[in-house]
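Undergrad: Supplied structure: work.cif, mmCIF, C-alpha atoms and all ligand atoms.
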```cif
data_query
#
loop_
_atom_site.label_atom_id
_atom_site.label_comp_id
_atom_site.auth_asym_id
_atom_site.auth_seq_id
_atom_site.Cartn_x
_atom_site.Cartn_y
_atom_site.Cartn_z
CA MET A 143 60.84 42.00 46.37
CA THR A 144 60.77 38.38 47.41
CA ALA A 145 63.39 35.90 46.30
CA GLY A 146 60.78 34.21 44.09
CA ARG A 147 60.18 37.44 42.17
CA ASP A 148 63.90 38.07 41.73
CA ILE A 149 64.32 34.60 40.33
CA TYR A 150 61.39 35.13 37.98
CA GLU A 151 62.73 38.50 36.80
CA ALA A 152 66.13 36.97 36.10
CA ALA A 153 64.49 34.16 34.13
CA LYS A 154 62.34 36.63 32.24
CA ASN A 155 65.47 38.50 31.11
CA LYS A 156 67.22 35.31 30.06
CA TYR A 157 64.24 34.26 27.97
CA ALA A 158 63.93 37.76 26.50
CA ALA A 159 67.55 37.61 25.37
CA PHE A 160 66.73 34.35 23.59
CA GLY A 161 63.67 35.91 21.95
CA ALA A 162 60.89 34.52 24.18
CA ASP A 163 58.34 36.54 26.15
CA THR A 164 57.57 34.95 29.53
CA GLU A 165 54.54 37.19 30.16
CA ALA A 166 52.96 36.19 26.84
CA ALA A 167 53.70 32.55 27.66
CA LEU A 168 52.00 32.81 31.07
CA ARG A 169 48.97 34.47 29.50
CA LEU A 170 48.61 31.77 26.87
CA LEU A 171 49.14 28.93 29.33
CA SER A 172 46.30 30.15 31.51
CA ARG A 173 44.03 29.92 28.45
CA ILE A 174 44.66 26.20 27.83
CA PRO A 175 42.17 23.90 29.56
CA ILE A 176 43.11 20.30 30.23
CA SER A 177 40.29 17.78 30.30
CA ILE A 178 40.82 15.76 33.47
CA HIS A 179 39.53 12.18 33.24
CA CYS A 180 37.30 11.08 36.10
CA TRP A 181 38.39 7.46 35.69
CA GLN A 182 41.81 7.92 37.32
CA GLY A 183 39.91 8.39 40.61
CA ASP A 184 38.42 4.89 40.75
CA ASP A 185 40.41 2.67 38.35
CA VAL A 186 37.72 2.99 35.61
CA SER A 187 35.12 1.27 37.81
CA GLY A 188 32.18 3.68 37.43
CA PHE A 189 29.07 3.63 39.60
CA GLU A 190 26.99 0.91 38.02
CA ARG A 191 26.80 -2.12 40.24
CA THR A 192 26.38 -4.80 37.57
CA GLY A 193 29.02 -7.09 39.06
CA GLU A 194 31.05 -6.70 35.86
CA THR A 195 34.76 -6.01 36.19
CA LEU A 196 36.85 -3.79 33.93
CA SER A 197 36.91 -5.28 30.45
CA GLY A 198 37.69 -4.30 26.89
CA GLY A 199 41.41 -4.85 26.72
CA ILE A 200 42.20 -2.17 29.31
CA GLN A 201 43.57 -2.89 32.78
CA ALA A 202 44.17 -0.96 35.95
CA THR A 203 46.65 -2.72 38.22
CA GLY A 204 47.37 -2.10 41.86
CA ASN A 205 45.23 -1.71 44.95
CA TYR A 206 46.47 1.45 46.57
CA PRO A 207 44.00 2.35 49.31
CA GLY A 208 41.41 5.07 48.91
CA LYS A 209 39.73 4.41 45.57
CA ALA A 210 36.54 6.50 45.22
CA ARG A 211 33.40 4.35 45.51
CA THR A 212 30.63 6.90 45.20
CA PRO A 213 29.95 10.14 43.31
CA ASP A 214 30.55 12.16 46.50
CA GLU A 215 33.90 10.52 47.07
CA LEU A 216 35.00 11.01 43.47
CA MET A 217 33.93 14.66 43.52
CA ALA A 218 35.75 15.29 46.81
CA ASP A 219 38.90 13.72 45.35
CA PHE A 220 38.54 15.88 42.25
CA ASP A 221 38.26 18.97 44.43
CA THR A 222 41.43 18.07 46.28
CA ALA A 223 43.30 17.68 43.00
CA LEU A 224 41.87 20.89 41.50
CA LYS A 225 43.19 22.94 44.42
CA LEU A 226 46.70 21.86 43.49
CA ILE A 227 46.47 22.40 39.75
CA PRO A 228 46.87 25.92 38.36
CA GLY A 229 44.22 27.32 36.00
CA LYS A 230 40.65 26.42 34.97
CA HIS A 231 40.05 23.02 33.46
CA ARG A 232 37.47 20.49 32.31
CA ILE A 233 36.26 17.17 33.64
CA ASN A 234 36.00 14.17 31.38
CA LEU A 235 33.14 11.80 32.24
CA HIS A 236 32.17 8.34 31.07
CA ALA A 237 28.55 7.19 30.81
CA SER A 238 29.33 4.57 33.46
CA TYR A 239 29.61 7.42 35.97
CA ALA A 240 25.87 8.13 35.75
CA ILE A 241 24.35 8.95 39.12
CA THR A 242 21.19 6.85 39.38
CA ASN A 243 20.70 6.77 43.17
CA GLY A 244 20.71 3.02 43.43
CA LYS A 245 18.43 2.44 40.43
CA ASN A 246 19.65 0.17 37.70
CA ILE A 247 19.31 2.15 34.46
CA SER A 248 20.15 0.33 31.25
CA ARG A 249 22.91 2.09 29.33
CA ASP A 250 20.64 2.61 26.35
CA ARG A 251 18.19 4.52 28.57
CA LEU A 252 20.50 6.97 30.26
CA THR A 253 19.50 10.63 30.11
CA ALA A 254 21.02 13.96 31.14
CA GLU A 255 19.00 13.64 34.36
CA HIS A 256 21.54 11.02 35.47
CA PHE A 257 24.31 13.55 35.09
CA LYS A 258 22.67 16.54 36.72
CA ASP A 259 24.87 16.30 39.82
CA TRP A 260 27.94 16.34 37.61
CA ILE A 261 26.56 19.35 35.73
CA GLY A 262 25.97 21.10 39.07
CA PHE A 263 29.47 20.20 40.21
CA ALA A 264 30.97 21.66 37.03
CA LYS A 265 28.78 24.77 37.09
CA GLU A 266 29.73 25.65 40.66
CA ARG A 267 33.39 25.41 39.83
CA GLY A 268 33.29 26.97 36.35
CA LEU A 269 34.53 23.77 34.69
CA GLY A 270 33.64 22.41 31.25
CA ILE A 271 32.59 18.79 30.78
CA ASP A 272 33.54 16.23 28.13
CA PHE A 273 31.61 13.01 27.69
CA ASN A 274 32.25 9.43 26.62
CA PRO A 275 29.80 6.61 25.93
CA THR A 276 30.98 3.46 27.74
CA PHE A 277 31.27 0.40 25.51
CA PHE A 278 33.07 -1.89 27.97
CA SER A 279 32.60 -3.56 31.38
CA HIS A 280 29.03 -4.58 30.54
CA PRO A 281 27.15 -7.87 29.96
CA MET A 282 26.01 -6.71 26.51
CA VAL A 283 29.60 -6.83 25.23
CA LYS A 284 29.34 -10.13 23.30
CA ASP A 285 32.53 -11.95 22.29
CA ASN A 286 34.40 -8.69 22.86
CA LEU A 287 32.26 -6.92 20.26
CA THR A 288 29.85 -3.99 20.52
CA LEU A 289 29.18 -1.75 17.51
CA SER A 290 30.74 -4.26 15.10
CA SER A 291 28.86 -7.28 16.43
CA PRO A 292 27.18 -9.61 13.91
CA ASP A 293 24.39 -10.04 16.46
CA GLU A 294 21.78 -7.38 15.73
CA ASP A 295 20.50 -7.23 19.31
CA THR A 296 23.97 -6.51 20.56
CA ARG A 297 24.81 -3.99 17.84
CA GLY A 298 21.42 -2.29 18.24
CA PHE A 299 21.84 -1.96 22.00
CA TRP A 300 25.19 -0.25 21.59
CA VAL A 301 23.97 2.00 18.80
CA ARG A 302 21.19 3.16 21.12
CA HIS A 303 23.76 3.75 23.84
CA GLY A 304 25.86 5.85 21.44
CA ILE A 305 22.83 7.89 20.41
CA THR A 306 21.55 8.51 23.93
CA CYS A 307 25.00 9.61 25.06
CA ARG A 308 25.20 12.19 22.25
CA ARG A 309 21.91 13.64 23.46
CA ILE A 310 23.32 13.78 26.98
CA ALA A 311 26.42 15.55 25.64
CA ALA A 312 24.19 18.07 23.85
CA GLU A 313 22.23 18.77 26.98
CA ILE A 314 25.35 19.18 29.09
CA SER A 315 26.72 21.67 26.57
CA TRP A 316 23.43 23.56 26.64
CA GLU A 317 23.42 23.61 30.46
CA LEU A 318 27.00 24.81 30.69
CA ASN A 319 26.90 26.96 27.58
CA ASN A 320 30.16 25.31 26.63
CA PRO A 321 30.89 22.74 23.90
CA VAL A 322 31.25 19.10 24.97
CA LEU A 323 33.67 16.69 23.33
CA TYR A 324 31.88 13.38 22.68
CA ASN A 325 34.50 10.68 22.26
CA LEU A 326 33.64 7.22 21.04
CA TRP A 327 36.03 4.37 21.77
CA ILE A 328 35.08 0.70 21.48
CA PRO A 329 37.19 -2.29 22.46
CA ASP A 330 36.01 -4.50 19.57
CA GLY A 331 38.65 -6.96 18.49
CA PHE A 332 39.90 -10.54 18.49
CA LYS A 333 42.50 -12.36 20.48
CA ASP A 334 43.39 -14.51 17.53
CA VAL A 335 43.57 -14.15 13.77
CA PRO A 336 40.10 -13.45 12.36
CA ALA A 337 38.55 -15.06 9.29
CA ASP A 338 36.82 -11.81 8.34
CA ARG A 339 38.11 -8.32 8.92
CA LEU A 340 35.88 -6.49 6.47
CA GLY A 341 32.54 -7.60 7.96
CA PRO A 342 33.18 -6.11 11.43
CA ARG A 343 34.52 -2.90 9.90
CA LYS A 344 31.51 -2.50 7.61
CA ARG A 345 29.20 -3.03 10.57
CA LEU A 346 31.13 -0.49 12.65
CA LYS A 347 30.83 2.05 9.84
CA GLU A 348 27.09 1.47 9.67
CA SER A 349 26.77 1.83 13.45
CA LEU A 350 28.73 5.09 13.46
CA ASP A 351 26.53 6.52 10.73
CA GLU A 352 23.48 5.69 12.83
CA ILE A 353 25.01 7.24 15.95
CA PHE A 354 26.16 10.44 14.24
CA ALA A 355 23.02 10.92 12.11
CA GLU A 356 21.47 13.63 14.32
CA LYS A 357 23.22 17.00 14.37
CA TRP A 358 23.64 18.53 17.80
CA ASP A 359 24.87 22.04 18.46
CA GLY A 360 27.54 22.19 21.09
CA VAL A 361 28.74 18.61 20.59
CA ILE A 362 32.15 17.98 19.07
CA ASP A 363 32.20 14.35 17.93
CA CYS A 364 35.29 12.23 17.71
CA VAL A 365 36.37 8.61 17.33
CA GLU A 366 39.38 7.02 19.02
CA SER A 367 41.48 4.34 17.38
CA LYS A 368 43.74 1.76 18.97
CA VAL A 369 46.39 -0.63 17.72
CA PHE A 370 45.51 -3.50 20.10
CA GLY A 371 44.12 -4.23 23.55
CA ILE A 372 45.26 -6.72 26.16
CA GLY A 373 43.62 -10.04 25.31
CA LEU A 374 42.65 -8.67 21.89
CA GLU A 375 46.07 -8.74 20.30
CA SER A 376 45.38 -9.94 16.77
CA PHE A 377 42.78 -7.55 15.41
CA THR A 378 41.19 -4.23 16.36
CA VAL A 379 38.13 -3.23 14.36
CA GLY A 380 38.57 0.50 15.07
CA SER A 381 42.12 0.86 13.82
CA ASN A 382 43.73 4.19 12.99
CA GLU A 383 43.23 3.83 9.24
CA PHE A 384 39.59 2.94 9.77
CA TYR A 385 38.75 5.94 11.94
CA LEU A 386 40.95 8.42 10.15
CA SER A 387 39.25 7.69 6.86
CA TYR A 388 35.86 7.69 8.57
CA ALA A 389 36.45 11.10 10.18
CA ALA A 390 37.87 12.55 6.98
CA SER A 391 34.75 11.52 5.08
CA ARG A 392 32.13 12.76 7.58
CA SER A 393 31.69 16.43 8.34
CA GLY A 394 31.96 17.28 12.02
CA VAL A 395 33.53 13.99 13.13
CA TYR A 396 37.11 14.26 14.32
CA ASN A 397 39.89 11.75 14.82
CA LEU A 398 41.12 11.53 18.41
CA LEU A 399 44.78 10.63 18.88
CA ASP A 400 45.65 8.67 22.02
CA ASN A 401 49.42 8.53 22.21
CA GLY A 402 49.28 5.11 23.87
CA HIS A 403 47.47 3.60 20.88
CA PHE A 404 50.19 3.33 18.26
CA HIS A 405 53.21 1.16 17.60
CA PRO A 406 56.01 2.10 20.00
CA THR A 407 58.13 3.77 17.32
CA GLU A 408 55.25 5.91 16.04
CA HIS A 409 54.83 9.35 17.55
CA VAL A 410 51.65 11.35 18.00
CA SER A 411 53.82 14.49 17.99
CA ASP A 412 54.43 13.77 14.30
CA LYS A 413 50.75 13.14 13.55
CA ILE A 414 49.38 16.47 14.82
CA SER A 415 50.65 18.60 11.93
CA ALA A 416 49.58 15.91 9.45
CA LEU A 417 46.00 16.04 10.72
CA LEU A 418 46.00 19.84 10.94
CA THR A 419 46.25 20.02 7.15
CA ARG A 420 42.75 18.48 7.01
CA PHE A 421 41.00 19.01 10.38
CA ASP A 422 40.29 22.20 12.33
CA LYS A 423 40.24 20.23 15.58
CA ILE A 424 42.34 17.42 16.97
CA PRO A 425 41.25 15.87 20.26
CA LEU A 426 44.05 14.17 22.19
CA HIS A 427 44.27 11.56 24.89
CA VAL A 428 47.61 12.23 26.47
CA THR A 429 49.00 9.24 28.30
CA ARG A 430 52.32 7.43 28.65
CA PRO A 431 52.76 4.11 26.91
CA VAL A 432 55.15 1.62 28.50
CA ARG A 433 55.89 -1.40 26.27
CA TRP A 434 52.49 -2.98 25.61
CA ASP A 435 50.52 -0.86 28.03
CA SER A 436 49.19 2.57 27.30
CA ASP A 437 47.98 4.13 30.49
CA HIS A 438 50.77 5.21 32.80
CA VAL A 439 50.74 8.59 34.54
CA VAL A 440 51.95 11.39 32.26
CA LEU A 441 55.54 12.40 33.06
CA LEU A 442 57.52 15.33 31.71
CA ASP A 443 59.28 13.17 29.12
CA ASP A 444 60.56 13.90 25.64
CA GLU A 445 57.43 12.84 23.75
CA LEU A 446 55.17 14.90 26.00
CA LYS A 447 57.38 17.93 25.34
CA GLU A 448 57.36 17.27 21.62
CA ILE A 449 53.55 16.99 21.59
CA ALA A 450 53.38 20.34 23.39
CA ASN A 451 55.90 21.86 20.96
CA GLU A 452 53.71 20.83 18.03
CA ILE A 453 50.57 22.28 19.60
CA VAL A 454 52.30 25.59 20.20
CA ARG A 455 54.35 26.02 17.03
CA CYS A 456 51.46 24.95 14.79
CA ASP A 457 49.53 27.80 16.41
CA ALA A 458 46.99 25.18 17.42
CA ILE A 459 46.25 25.80 21.08
CA ASP A 460 42.61 26.43 20.21
CA LYS A 461 42.46 23.50 17.79
CA VAL A 462 44.03 20.71 19.81
CA LEU A 463 41.69 19.64 22.59
CA ILE A 464 43.88 18.18 25.31
CA GLY A 465 42.51 15.43 27.52
CA LEU A 466 44.40 13.06 29.77
CA ASP A 467 43.90 9.30 29.83
CA PHE A 468 45.75 7.16 32.34
CA PHE A 469 44.82 5.02 35.31
CA ASP A 470 47.34 3.93 37.85
CA ALA A 471 45.94 2.05 40.85
CA SER A 472 49.34 1.51 42.46
CA ILE A 473 49.85 5.07 43.72
CA ASN A 474 47.75 7.73 45.39
CA ARG A 475 45.11 8.48 42.76
CA VAL A 476 44.75 12.16 43.60
CA ALA A 477 48.51 12.57 43.29
CA ALA A 478 48.36 10.82 39.91
CA TRP A 479 45.94 13.47 38.63
CA VAL A 480 48.04 16.33 39.98
CA VAL A 481 51.28 14.96 38.53
CA GLY A 482 49.71 14.33 35.13
CA VAL A 483 47.96 17.67 34.73
CA ARG A 484 50.86 19.72 36.04
CA ASN A 485 53.24 17.90 33.72
CA MET A 486 51.04 18.58 30.72
CA GLN A 487 51.05 22.25 31.68
CA LYS A 488 54.81 22.29 32.22
CA ALA A 489 55.35 20.82 28.76
CA LEU A 490 53.11 23.49 27.27
CA LEU A 491 54.96 26.20 29.15
CA ILE A 492 58.34 24.99 27.90
CA ALA A 493 56.94 25.04 24.36
CA LEU A 494 55.49 28.53 24.86
CA LEU A 495 58.90 29.76 25.98
CA CYS A 496 60.59 28.98 22.69
CA PRO A 497 60.83 31.59 19.91
CA TRP A 498 59.61 29.21 17.19
CA ASP A 499 59.58 31.85 14.43
CA LYS A 500 63.30 32.31 14.89
CA LEU A 501 63.90 28.55 14.83
CA ARG A 502 61.60 28.07 11.85
CA LYS A 503 63.62 30.62 9.90
CA MET A 504 66.82 28.74 10.70
CA GLN A 505 65.21 25.60 9.27
CA ASP A 506 63.95 27.39 6.15
CA ASP A 507 67.36 29.00 5.61
CA GLY A 508 68.93 25.58 5.80
CA ASP A 509 70.93 26.65 8.85
CA PHE A 510 70.62 23.37 10.72
CA THR A 511 73.69 24.09 12.84
CA SER A 512 72.13 27.19 14.43
CA LEU A 513 68.87 25.30 14.82
CA MET A 514 70.51 22.50 16.77
CA VAL A 515 72.40 24.94 18.99
CA ALA A 516 69.25 26.99 19.69
CA ARG A 517 67.17 23.92 20.53
CA GLU A 518 69.83 22.66 22.90
CA PHE A 519 70.20 26.09 24.54
CA HIS A 520 66.44 26.29 25.07
CA LYS A 521 66.60 23.09 27.12
CA THR A 522 68.75 24.63 29.85
CA LEU A 523 66.90 27.94 30.20
CA PRO A 524 65.27 28.34 33.65
CA PHE A 525 61.71 27.30 32.86
CA GLY A 526 61.22 26.20 36.49
CA ALA A 527 61.25 29.84 37.61
CA VAL A 528 58.51 30.69 35.14
CA TRP A 529 56.50 27.64 36.18
CA GLU A 530 56.73 28.71 39.82
CA GLU A 531 55.55 32.17 38.85
CA PHE A 532 52.54 30.61 37.08
CA CYS A 533 51.69 28.57 40.18
CA THR A 534 52.06 31.59 42.46
CA ARG A 535 49.80 33.73 40.28
CA ASN A 536 47.22 30.93 40.31
CA GLY A 537 47.40 30.41 44.05
CA VAL A 538 48.65 26.81 44.04
CA PRO A 539 51.83 25.36 45.56
CA THR A 540 54.90 26.06 43.43
CA ASP A 541 56.83 22.99 44.43
CA ASP A 542 56.33 19.40 45.55
CA ALA A 543 54.91 20.64 48.86
CA TRP A 544 51.51 19.95 47.25
CA LEU A 545 52.10 16.30 48.12
CA GLY A 546 51.83 17.25 51.80
CA ILE A 547 48.24 18.34 51.16
CA VAL A 548 47.46 15.09 49.35
CA ARG A 549 49.06 13.10 52.17
CA ALA A 550 46.91 14.89 54.75
CA TYR A 551 43.81 14.11 52.65
CA GLU A 552 44.95 10.51 52.37
CA LYS A 553 45.27 10.26 56.13
CA ASP A 554 41.99 12.01 56.93
CA VAL A 555 39.81 10.66 54.14
CA LEU A 556 41.23 8.09 51.72
CA ILE A 557 42.67 5.63 54.18
CA LYS A 558 39.29 5.39 55.93
CA ARG A 559 37.62 4.01 52.81
CA THR A 560 37.91 0.31 53.32
C1 LIG B 601 41.12 2.70 25.89
C2 LIG B 601 40.97 4.12 25.47
C3 LIG B 601 39.87 4.87 26.13
C4 LIG B 601 39.76 4.59 27.61
C5 LIG B 601 38.82 5.49 28.33
C6 LIG B 601 38.44 4.95 29.66
O1 LIG B 601 42.19 2.09 25.37
O2 LIG B 601 42.18 4.80 25.62
O3 LIG B 601 40.01 6.21 25.88
O4 LIG B 601 40.99 4.68 28.23
O5 LIG B 601 37.74 5.80 27.54
ZN ZN B 602 42.18 6.94 25.32
#
```
What would you get if you wrote out this structure as structure tokens?
TA:
Amino acid sequence: MTAGRDIYEAAKNKYAAFGADTEAALRLLSRIPISIHCWQGDDVSGFERTGETLSGGIQATGNYPGKARTPDELMADFDTALKLIPGKHRINLHASYAITNGKNISRDRLTAEHFKDWIGFAKERGLGIDFNPTFFSHPMVKDNLTLSSPDEDTRGFWVRHGITCRRIAAEISWELNNPVLYNLWIPDGFKDVPADRLGPRKRLKESLDEIFAEKWDGVIDCVESKVFGIGLESFTVGSNEFYLSYAASRSGVYNLLDNGHFHPTEHVSDKISALLTRFDKIPLHVTRPVRWDSDHVVLLDDELKEIANEIVRCDAIDKVLIGLDFFDASINRVAAWVVGVRNMQKALLIALLCPWDKLRKMQDDGDFTSLMVAREFHKTLPFGAVWEEFCTRNGVPTDDAWLGIVRAYEKDVLIKRT
């Protein structure tokens, strides 16, 4: 027996004594796909060459060398990251990552043809795909408005974009024989206090009804709210109350929770169980908010662990669709992916290694003393040994030696992209 196995066996016994089954946890963890966002690889730039820069109240700061500039580069970067992440996952695409071979295709005329290379990429690797229409970084965004614009040409253009992207999502799901999450986020809002809040919201509602009118098998629709965007501080049309009530009143439309899109003292970990009483699916954008910004690389912090706890103890690993959403341009972008995905998985593993039935009973019995002691004890159990076992079984580095592989890739490939 190797030292690694001894350490795992010792951990397994410790967890067993506490009431947790490490083998069951490892089995469940390998069943949880994480949707990995393509936009960390190129600072949300996409492949259209319209001359537009990133807009819509989101910002990527930093100019670390090696940003992907082409589909081939982005795919190669993805492959490097995937080799260092245990398990089978999904890729999350935006419409702005269409592959048009130099042709300028208007966003309202995109088809699945423009994503066939992505579909091939996913098929070869056994990955699922999720899909997002792109309502930002485009000349048709007028006065920071898209689907809520009072200008019918503008609103119509974006409605057509929303519709065509749902068809693309349907075709991808058909090609992969795997459901596609279609997530709609718009930046629409105002820097300063508006004179009319109801008008934009009524127009957004109308636009959504037009976009979601057709029913497509294999497409899971959702809408993503936000509290504010940079430069759009005073009013966001698609607020949480707006989308939550919209999703609750339309069958088959879900409410996506991005944990960077709420007031700093609100917690998405608390919202999951609330939504589970009404919805059979909850899509997530897992990110890390820092003060007014929402898109830092996911770390293994308390809120991430609490989100994972909720997913596990609500018995919702098949209901909560986990996607990541961050973009840090100040560090190696491949490393950012690897850190974020592995941390999400570590948080899930920690949650899977807790005997929640036992703790739930303590709560229901009113034994809050035992509950506190058990929760604190769980924190010091050797989850790292179980995590290393998971990595070993999945053929990826167990420790931070994975950075050596990213560094070699940086030296051989990324640094040469200037
Ligand atoms: C923006 C939203 C949205 C985007 C991506 C690129 O605030 O979080 O999800 O980050 O669609
Ligand atoms: Zn998001």
Undergrad: Tell me, as a list in words, which residues lie within 8 Å of stretch 304-319 of chain A, counting all atoms listed in the file; anything in the same chain fewer than 3 positions away does not count.
TA: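 The neighbour list is Ala237, Asp250, Arg251, Leu252, Thr253, Ala254, Ile261, Lys265, Gly270, Ile271, Asp272, Phe273, Asn274, Pro275, Trp300, Val301, Val322, Leu323, Tyr324, Leu326, Glu352, Ile353, Phe354, Trp358, Asp359, Gly360 and Val361 of chain A.
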Undergrad: Using only C-alpha atoms, determine which residues lie at most 12 Å from A:His438, disregarding the query and same-chain residues fewer than 2 positions distant; provide the list as a PyMOL selection string.
TA: chain A and resi 182+200-203+401-402+428-436+440-441+466-473+475+478-479+481-482
Undergrad: One decimal, Å: what's the distance from atom CA of A:Leu398 over to atom CA of A:Ile449, could you say?
TA: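 About the pair atom CA of A:Leu398 and atom CA of A:Ile449: they are 13.9 Å apart.
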Undergrad: Fewer than 3 positions away in the same chain doesn't count, so skip those; otherwise give me all residues within 9 Å of A:Phe384, counting all atoms listed in the file, as a ChimeraX atom specification.
TA: /A:343,347,367,379-381,387-389
Undergrad: Counting all atoms listed in the file, which residues of chain A fall within 8 Å of ligand LIG 601 (chain B), and what is the closest atom pair for each with its distance in Å at one decimal, ordered by chain and rising number, as a Markdown table?
TA:
```
| residue | atom | partner | partner_atom | distance |
| --- | --- | --- | --- | --- |
| A:Trp181 | CA | B:LIG601 | C6 | 6.5 |
| A:Val186 | CA | B:LIG601 | C6 | 6.3 |
| A:Gly198 | CA | B:LIG601 | C1 | 7.9 |
| A:Gly199 | CA | B:LIG601 | O1 | 7.1 |
| A:Ile200 | CA | B:LIG601 | O1 | 5.8 |
| A:His236 | CA | B:LIG601 | O5 | 7.1 |
| A:Asn274 | CA | B:LIG601 | O5 | 6.6 |
| A:Thr276 | CA | B:LIG601 | O5 | 7.2 |
| A:Asn325 | CA | B:LIG601 | O5 | 7.9 |
| A:Leu326 | CA | B:LIG601 | O5 | 7.8 |
| A:Trp327 | CA | B:LIG601 | C3 | 5.8 |
| A:Ile328 | CA | B:LIG601 | C1 | 7.7 |
| A:Pro329 | CA | B:LIG601 | C1 | 7.2 |
| A:Glu366 | CA | B:LIG601 | O3 | 6.9 |
| A:Lys368 | CA | B:LIG601 | O1 | 6.6 |
| A:Gly371 | CA | B:LIG601 | O1 | 6.9 |
| A:Asp400 | CA | B:LIG601 | O2 | 6.3 |
| A:Gly402 | CA | B:LIG601 | O2 | 7.3 |
| A:His403 | CA | B:LIG601 | O1 | 7.1 |
| A:His427 | CA | B:LIG601 | O3 | 6.9 |
| A:Ser436 | CA | B:LIG601 | O1 | 7.3 |
| A:Asp437 | CA | B:LIG601 | O4 | 7.4 |
| A:Asp467 | CA | B:LIG601 | O4 | 5.7 |
| A:Phe468 | CA | B:LIG601 | O4 | 6.8 |
```
Undergrad: What is the distance between atom CA of A:Gly546 and atom CA of A:Ala477, in Å to one decimal?
TA: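 According to the coordinates, atom CA of A:Gly546 and atom CA of A:Ala477 are separated by 10.3 Å.
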Undergrad: When distances are computed from all atoms listed in the file, which of A:Leu386, A:Ala159, A:Leu399, A:Ala223 shows the smallest separation from ligand ZN 602 (chain B)?
TA: A:Leu399
Undergrad: Find the distance between atom CA of A:Leu269 and atom CA of A:Leu426 and write it in Å to one decimal.
TA: 18.4 Å
Undergrad: With a distance cut-off of 9 Å and only C-alpha atoms, select the neighbouring residues of A:Ile241, excluding the residue or stretch itself and same-chain residues fewer than 5 positions from it, and output the selection as a PDB file with C-alpha atoms, keeping the file's coordinate frame.
TA:
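Wrote out27.pdb, looks like this:
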```
ATOM      1  CA  PHE A 189      29.070   3.630  39.600  1.00  0.00           C
ATOM      2  CA  GLU A 190      26.990   0.910  38.020  1.00  0.00           C
ATOM      3  CA  THR A 212      30.630   6.900  45.200  1.00  0.00           C
ATOM      4  CA  PRO A 213      29.950  10.140  43.310  1.00  0.00           C
ATOM      5  CA  GLU A 255      19.000  13.640  34.360  1.00  0.00           C
ATOM      6  CA  HIS A 256      21.540  11.020  35.470  1.00  0.00           C
ATOM      7  CA  PHE A 257      24.310  13.550  35.090  1.00  0.00           C
ATOM      8  CA  LYS A 258      22.670  16.540  36.720  1.00  0.00           C
ATOM      9  CA  ASP A 259      24.870  16.300  39.820  1.00  0.00           C
ATOM     10  CA  TRP A 260      27.940  16.340  37.610  1.00  0.00           C
TER      11      TRP A 260
END
```
Undergrad: How would stretch 474-485 of chain A look with N, CA and C atoms restored, written as a PDB file, keeping the file's coordinate frame?
TA:
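The resulting out_1.pdb:
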```
ATOM      1  N   ASN A 474      48.853   6.858  44.972  1.00  0.00           N
ATOM      2  CA  ASN A 474      47.750   7.730  45.390  1.00  0.00           C
ATOM      3  C   ASN A 474      47.095   8.334  44.142  1.00  0.00           C
ATOM      4  N   ARG A 475      45.794   8.111  44.010  1.00  0.00           N
ATOM      5  CA  ARG A 475      45.110   8.480  42.760  1.00  0.00           C
ATOM      6  C   ARG A 475      44.971   9.987  42.581  1.00  0.00           C
ATOM      7  N   VAL A 476      44.841  10.698  43.702  1.00  0.00           N
ATOM      8  CA  VAL A 476      44.750  12.160  43.600  1.00  0.00           C
ATOM      9  C   VAL A 476      46.106  12.707  43.137  1.00  0.00           C
ATOM     10  N   ALA A 477      47.165  12.149  43.692  1.00  0.00           N
ATOM     11  CA  ALA A 477      48.510  12.570  43.290  1.00  0.00           C
ATOM     12  C   ALA A 477      48.732  12.287  41.803  1.00  0.00           C
ATOM     13  N   ALA A 478      48.200  11.161  41.336  1.00  0.00           N
ATOM     14  CA  ALA A 478      48.360  10.820  39.910  1.00  0.00           C
ATOM     15  C   ALA A 478      47.763  11.908  39.023  1.00  0.00           C
ATOM     16  N   TRP A 479      46.559  12.372  39.403  1.00  0.00           N
ATOM     17  CA  TRP A 479      45.940  13.470  38.630  1.00  0.00           C
ATOM     18  C   TRP A 479      46.832  14.713  38.634  1.00  0.00           C
ATOM     19  N   VAL A 480      47.280  15.067  39.844  1.00  0.00           N
ATOM     20  CA  VAL A 480      48.040  16.330  39.980  1.00  0.00           C
ATOM     21  C   VAL A 480      49.341  16.254  39.176  1.00  0.00           C
ATOM     22  N   VAL A 481      50.026  15.128  39.283  1.00  0.00           N
ATOM     23  CA  VAL A 481      51.280  14.960  38.530  1.00  0.00           C
ATOM     24  C   VAL A 481      51.009  15.073  37.037  1.00  0.00           C
ATOM     25  N   GLY A 482      49.993  14.367  36.575  1.00  0.00           N
ATOM     26  CA  GLY A 482      49.710  14.330  35.130  1.00  0.00           C
ATOM     27  C   GLY A 482      49.323  15.695  34.577  1.00  0.00           C
ATOM     28  N   VAL A 483      48.410  16.382  35.270  1.00  0.00           N
ATOM     29  CA  VAL A 483      47.960  17.670  34.730  1.00  0.00           C
ATOM     30  C   VAL A 483      49.090  18.696  34.799  1.00  0.00           C
ATOM     31  N   ARG A 484      49.778  18.735  35.930  1.00  0.00           N
ATOM     32  CA  ARG A 484      50.860  19.720  36.040  1.00  0.00           C
ATOM     33  C   ARG A 484      51.952  19.452  35.020  1.00  0.00           C
ATOM     34  N   ASN A 485      52.218  18.188  34.735  1.00  0.00           N
ATOM     35  CA  ASN A 485      53.240  17.900  33.720  1.00  0.00           C
ATOM     36  C   ASN A 485      52.799  18.335  32.330  1.00  0.00           C
TER      37      ASN A 485
END
```
